[in-house]
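Asks: Sharing protein_0.cif below, mmCIF, C-alpha atoms:
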```cif
data_protein
#
loop_
_atom_site.label_atom_id
_atom_site.label_comp_id
_atom_site.auth_asym_id
_atom_site.auth_seq_id
_atom_site.Cartn_x
_atom_site.Cartn_y
_atom_site.Cartn_z
CA MET A 4 40.13 53.88 -0.83
CA ALA A 5 38.04 55.46 1.92
CA LYS A 6 35.44 52.68 1.67
CA ALA A 7 38.09 49.99 2.15
CA LYS A 8 39.28 51.58 5.39
CA ALA A 9 35.78 52.08 6.76
CA ALA A 10 34.73 48.42 6.38
CA PRO A 11 37.32 46.82 8.70
CA SER A 12 36.92 49.40 11.43
CA SER A 13 33.12 49.02 11.51
CA SER A 14 33.28 45.22 11.83
CA SER A 15 35.65 45.30 14.77
CA GLY A 16 33.65 48.07 16.39
CA GLY A 17 30.44 46.08 15.94
CA LYS A 18 31.86 43.13 17.86
CA ALA A 19 32.64 45.26 20.90
CA ALA A 20 29.26 47.01 20.76
CA LYS A 21 27.30 43.70 20.90
CA LYS A 22 28.62 42.52 24.25
CA LYS A 23 26.51 39.75 25.81
CA LYS A 24 24.17 40.92 28.55
CA TRP A 25 23.44 38.30 31.19
CA SER A 26 19.89 37.90 32.34
CA LYS A 27 19.04 38.21 36.02
CA GLY A 28 17.64 34.67 35.99
CA LYS A 29 14.27 33.48 37.16
CA VAL A 30 13.36 34.64 40.64
CA LYS A 31 11.17 32.24 42.60
CA ASP A 32 8.59 33.78 44.90
CA LYS A 33 9.08 33.06 48.57
CA ALA A 34 6.53 30.51 49.79
CA GLN A 35 4.11 31.72 52.44
CA HIS A 36 3.58 28.48 54.34
CA ALA A 37 1.99 28.16 57.76
CA VAL A 38 4.51 27.81 60.58
CA THR A 39 2.11 27.34 63.49
CA LEU A 40 -0.58 24.76 63.96
CA ASP A 41 -4.00 26.24 64.68
CA LYS A 42 -7.32 24.42 65.16
CA PRO A 43 -8.64 24.71 61.54
CA LEU A 44 -5.31 23.50 60.11
CA TYR A 45 -5.15 20.62 62.61
CA ASP A 46 -8.69 19.53 61.70
CA ARG A 47 -7.84 19.72 57.99
CA ILE A 48 -4.71 17.58 58.47
CA MET A 49 -6.60 14.97 60.50
CA LYS A 50 -9.39 14.80 57.91
CA GLU A 51 -7.53 14.94 54.58
CA VAL A 52 -4.12 13.33 55.09
CA PRO A 53 -5.32 9.78 55.97
CA THR A 54 -7.16 9.73 52.62
CA PHE A 55 -3.98 10.35 50.58
CA ARG A 56 -2.64 7.25 48.84
CA PHE A 57 0.97 8.48 48.99
CA ILE A 58 2.07 10.51 52.03
CA SER A 59 5.44 12.16 52.51
CA GLN A 60 6.75 15.37 54.01
CA SER A 61 7.00 16.93 50.54
CA ILE A 62 3.39 16.05 49.70
CA LEU A 63 2.08 17.68 52.89
CA ILE A 64 4.13 20.83 52.28
CA GLU A 65 2.87 21.14 48.72
CA ARG A 66 -0.82 20.32 49.25
CA LEU A 67 -1.47 21.84 52.68
CA LYS A 68 0.96 24.80 52.43
CA ILE A 69 2.60 24.06 55.77
CA ASN A 70 6.17 24.28 56.99
CA GLY A 71 8.47 21.24 56.81
CA SER A 72 8.71 20.86 60.57
CA LEU A 73 4.90 20.93 60.86
CA ALA A 74 4.67 18.25 58.18
CA ARG A 75 7.08 15.98 60.08
CA VAL A 76 5.16 16.42 63.33
CA ALA A 77 1.84 15.75 61.59
CA ILE A 78 3.17 12.54 60.01
CA LYS A 79 4.52 11.28 63.36
CA HIS A 80 1.20 12.07 65.06
CA LEU A 81 -0.85 10.26 62.39
CA GLU A 82 1.45 7.23 62.51
CA ARG A 83 1.17 7.06 66.30
CA ASP A 84 -2.63 7.11 66.01
CA GLY A 85 -2.49 4.31 63.44
CA GLN A 86 -4.17 6.33 60.68
CA ILE A 87 -1.22 5.92 58.29
CA LYS A 88 1.43 3.22 57.96
CA ARG A 89 5.06 3.46 56.92
CA ILE A 90 6.19 2.01 53.60
CA VAL A 91 9.80 3.20 53.29
CA HIS A 92 12.09 4.48 56.03
CA HIS A 93 15.03 6.25 54.43
CA SER A 94 17.39 8.52 56.35
CA ALA A 95 15.60 11.70 55.26
CA GLN A 96 12.58 10.73 53.17
CA LEU A 97 9.84 8.83 54.96
CA ILE A 98 7.05 7.46 52.77
CA TYR A 99 3.66 6.46 54.16
CA THR A 100 0.28 5.33 52.90
CA ARG A 101 -3.20 5.16 54.34
CA SER A 102 -3.60 2.27 56.77
CA SER A 103 -7.25 1.40 56.17
CA GLY A 104 -8.84 0.79 52.77
CA GLY A 105 -8.27 -1.57 49.89
CA THR A 106 -5.41 -4.02 49.59
CA ASP A 107 -2.88 -2.15 47.44
#
```
Starting from the coordinates I provided, produce the structure as structure tokens.
Replies:
Amino acid sequence: MAKAKAAPSSSSGGKAAKKKKWSKGKVKDKAQHAVTLDKPLYDRIMKEVPTFRFISQSILIERLKINGSLARVAIKHLERDGQIKRIVHHSAQLIYTRSSGGTD
């Protein structure tokens, strides 16, 4: 008789004891991108970016580790100089390619 009473109480107690614990989630590290344009970074942008086949603000942020506003300014400067040409002009996403080279 004592065993019969112990079984139901342990099963209900086990349910309450195994309460779900939520994980904290994945924490992304804060990006340490450059926010000012210095001479070495300017030279690197002017040398490397015109050789990219696909140029967008996101690509410059990812590859050169620069801020979004710097990427926009760099793209406008390169387009003004004629080193890159615009392919798509969307409201937020501008896509460019290198202006000289093969016929793609």
Asks: Which residues are close to Leu81 of chain A, i.e. within 8 Å by all atoms listed in the file, leaving aside same-chain residues fewer than 6 positions away? Reply as a list in words.
Replies: Met49, Pro53 and Ile87 of chain A
Asks: Please, what distance in Å, to one decimal, runs between atom CA of Gln60 of chain A and atom CA of Ala74 of chain A?
Replies: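 We find that atom CA of Gln60 of chain A and atom CA of Ala74 of chain A lie 5.5 Å from each other.
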Asks: Mind giving me the straight-line distance from atom CA of Leu63 of chain A to atom CA of Asp84 of chain A in Å, one decimal?
Replies: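 Result for atom CA of Leu63 of chain A versus atom CA of Asp84 of chain A: 17.5 Å, one decimal.
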Asks: Between atom CA of Asn70 of chain A and atom CA of Leu44 of chain A, what is the spacing in Å?
Replies: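 Separating atom CA of Leu44 of chain A from atom CA of Asn70 of chain A is a distance of 11.9 Å.
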Asks: Tell me which residues the PyMOL selection byres ((chain A and resi 85) around 12) grabs here, as JSON, numbers by chain.
Replies: {"A": [49, 53, 78, 79, 80, 81, 82, 83, 84, 86, 87, 88, 89, 99, 100, 101, 102, 103]}
Asks: Take the point (4.6, 28.5, 57.0) as written in the file and pick out every residue within 6 Å of it, counting all atoms listed in the file; give the list as a ChimeraX atom specification.
Replies: /A:35-38,69-70
Asks: Pick the closest to Ile58 of chain A from A:Ser94, A:Asp46, A:Ala77, A:Lys21: which is it, counting only C-alpha atoms?
Replies: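 Of A:Ser94, A:Asp46, A:Ala77, A:Lys21, the one nearest Ile58 of chain A is A:Ala77, counting only C-alpha atoms.
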Asks: For the point (11.1, 18.7, 56.0) in the file's frame, write as a PDB file with C-alpha atoms, keeping the file's coordinate frame all residues with an atom no more than 9 Å away, counting only C-alpha atoms.
Replies:
```pdb
ATOM      1  CA  GLN A  60       6.750  15.370  54.010  1.00  0.00           C
ATOM      2  CA  SER A  61       7.000  16.930  50.540  1.00  0.00           C
ATOM      3  CA  ILE A  64       4.130  20.830  52.280  1.00  0.00           C
ATOM      4  CA  ASN A  70       6.170  24.280  56.990  1.00  0.00           C
ATOM      5  CA  GLY A  71       8.470  21.240  56.810  1.00  0.00           C
ATOM      6  CA  SER A  72       8.710  20.860  60.570  1.00  0.00           C
ATOM      7  CA  LEU A  73       4.900  20.930  60.860  1.00  0.00           C
ATOM      8  CA  ALA A  74       4.670  18.250  58.180  1.00  0.00           C
ATOM      9  CA  ARG A  75       7.080  15.980  60.080  1.00  0.00           C
ATOM     10  CA  ALA A  95      15.600  11.700  55.260  1.00  0.00           C
ATOM     11  CA  GLN A  96      12.580  10.730  53.170  1.00  0.00           C
TER      12      GLN A  96
END
```
Asks: Check the smallest atom-to-atom distance from each of A:Lys23, A:Val91, A:Asp41, A:Lys29 to Ser59 of chain A using only C-alpha atoms, then report the winner.
Replies: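 Residue with the minimum atom-to-atom distance to Ser59 of chain A: A:Val91.
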Asks: Since the input is missing atoms, can you rebuild N, CA and C atoms for segment 39-62 of chain A and write them as a compact mmCIF listing (two decimals), in the frame of the given file?
Replies:
```
# COMPACT_ATOMS: atom_id res chain seq x y z
N THR A 39 2.72 27.74 62.22
CA THR A 39 2.11 27.34 63.49
C THR A 39 0.86 26.52 63.20
N LEU A 40 0.55 25.66 64.13
CA LEU A 40 -0.58 24.76 63.96
C LEU A 40 -1.77 25.31 64.74
N ASP A 41 -2.79 25.76 64.02
CA ASP A 41 -4.00 26.24 64.68
C ASP A 41 -5.10 25.19 64.51
N LYS A 42 -6.24 25.41 65.14
CA LYS A 42 -7.32 24.42 65.16
C LYS A 42 -7.85 24.09 63.76
N PRO A 43 -8.13 25.07 62.88
CA PRO A 43 -8.64 24.71 61.54
C PRO A 43 -7.63 23.89 60.72
N LEU A 44 -6.34 24.24 60.85
CA LEU A 44 -5.31 23.50 60.11
C LEU A 44 -5.16 22.08 60.66
N TYR A 45 -5.23 21.93 61.99
CA TYR A 45 -5.15 20.62 62.61
C TYR A 45 -6.31 19.73 62.15
N ASP A 46 -7.52 20.30 62.15
CA ASP A 46 -8.69 19.53 61.70
C ASP A 46 -8.56 19.12 60.24
N ARG A 47 -8.02 20.02 59.41
CA ARG A 47 -7.84 19.72 57.99
C ARG A 47 -6.82 18.60 57.79
N ILE A 48 -5.73 18.63 58.56
CA ILE A 48 -4.71 17.58 58.47
C ILE A 48 -5.30 16.24 58.88
N MET A 49 -6.03 16.22 60.00
CA MET A 49 -6.60 14.97 60.50
C MET A 49 -7.66 14.40 59.57
N LYS A 50 -8.33 15.26 58.81
CA LYS A 50 -9.39 14.80 57.91
C LYS A 50 -8.85 14.37 56.55
N GLU A 51 -7.96 15.16 55.96
CA GLU A 51 -7.53 14.94 54.58
C GLU A 51 -6.35 13.98 54.43
N VAL A 52 -5.36 14.09 55.30
CA VAL A 52 -4.12 13.33 55.09
C VAL A 52 -4.33 11.82 55.11
N PRO A 53 -5.14 11.25 56.01
CA PRO A 53 -5.32 9.78 55.97
C PRO A 53 -5.98 9.28 54.69
N THR A 54 -6.55 10.17 53.87
CA THR A 54 -7.16 9.73 52.62
C THR A 54 -6.18 9.73 51.46
N PHE A 55 -4.98 10.33 51.65
CA PHE A 55 -3.98 10.35 50.58
C PHE A 55 -3.44 8.95 50.38
N ARG A 56 -3.22 8.55 49.12
CA ARG A 56 -2.64 7.25 48.84
C ARG A 56 -1.14 7.25 49.13
N PHE A 57 -0.47 8.35 48.81
CA PHE A 57 0.97 8.48 48.99
C PHE A 57 1.21 9.68 49.90
N ILE A 58 1.87 9.45 51.05
CA ILE A 58 2.07 10.51 52.03
C ILE A 58 3.56 10.64 52.31
N SER A 59 4.06 11.85 52.13
CA SER A 59 5.44 12.16 52.51
C SER A 59 5.48 13.60 52.99
N GLN A 60 6.60 14.00 53.53
CA GLN A 60 6.75 15.37 54.01
C GLN A 60 6.56 16.35 52.86
N SER A 61 7.11 16.04 51.71
CA SER A 61 7.00 16.93 50.54
C SER A 61 5.56 17.09 50.09
N ILE A 62 4.80 16.01 50.12
CA ILE A 62 3.39 16.05 49.70
C ILE A 62 2.59 16.96 50.63
```
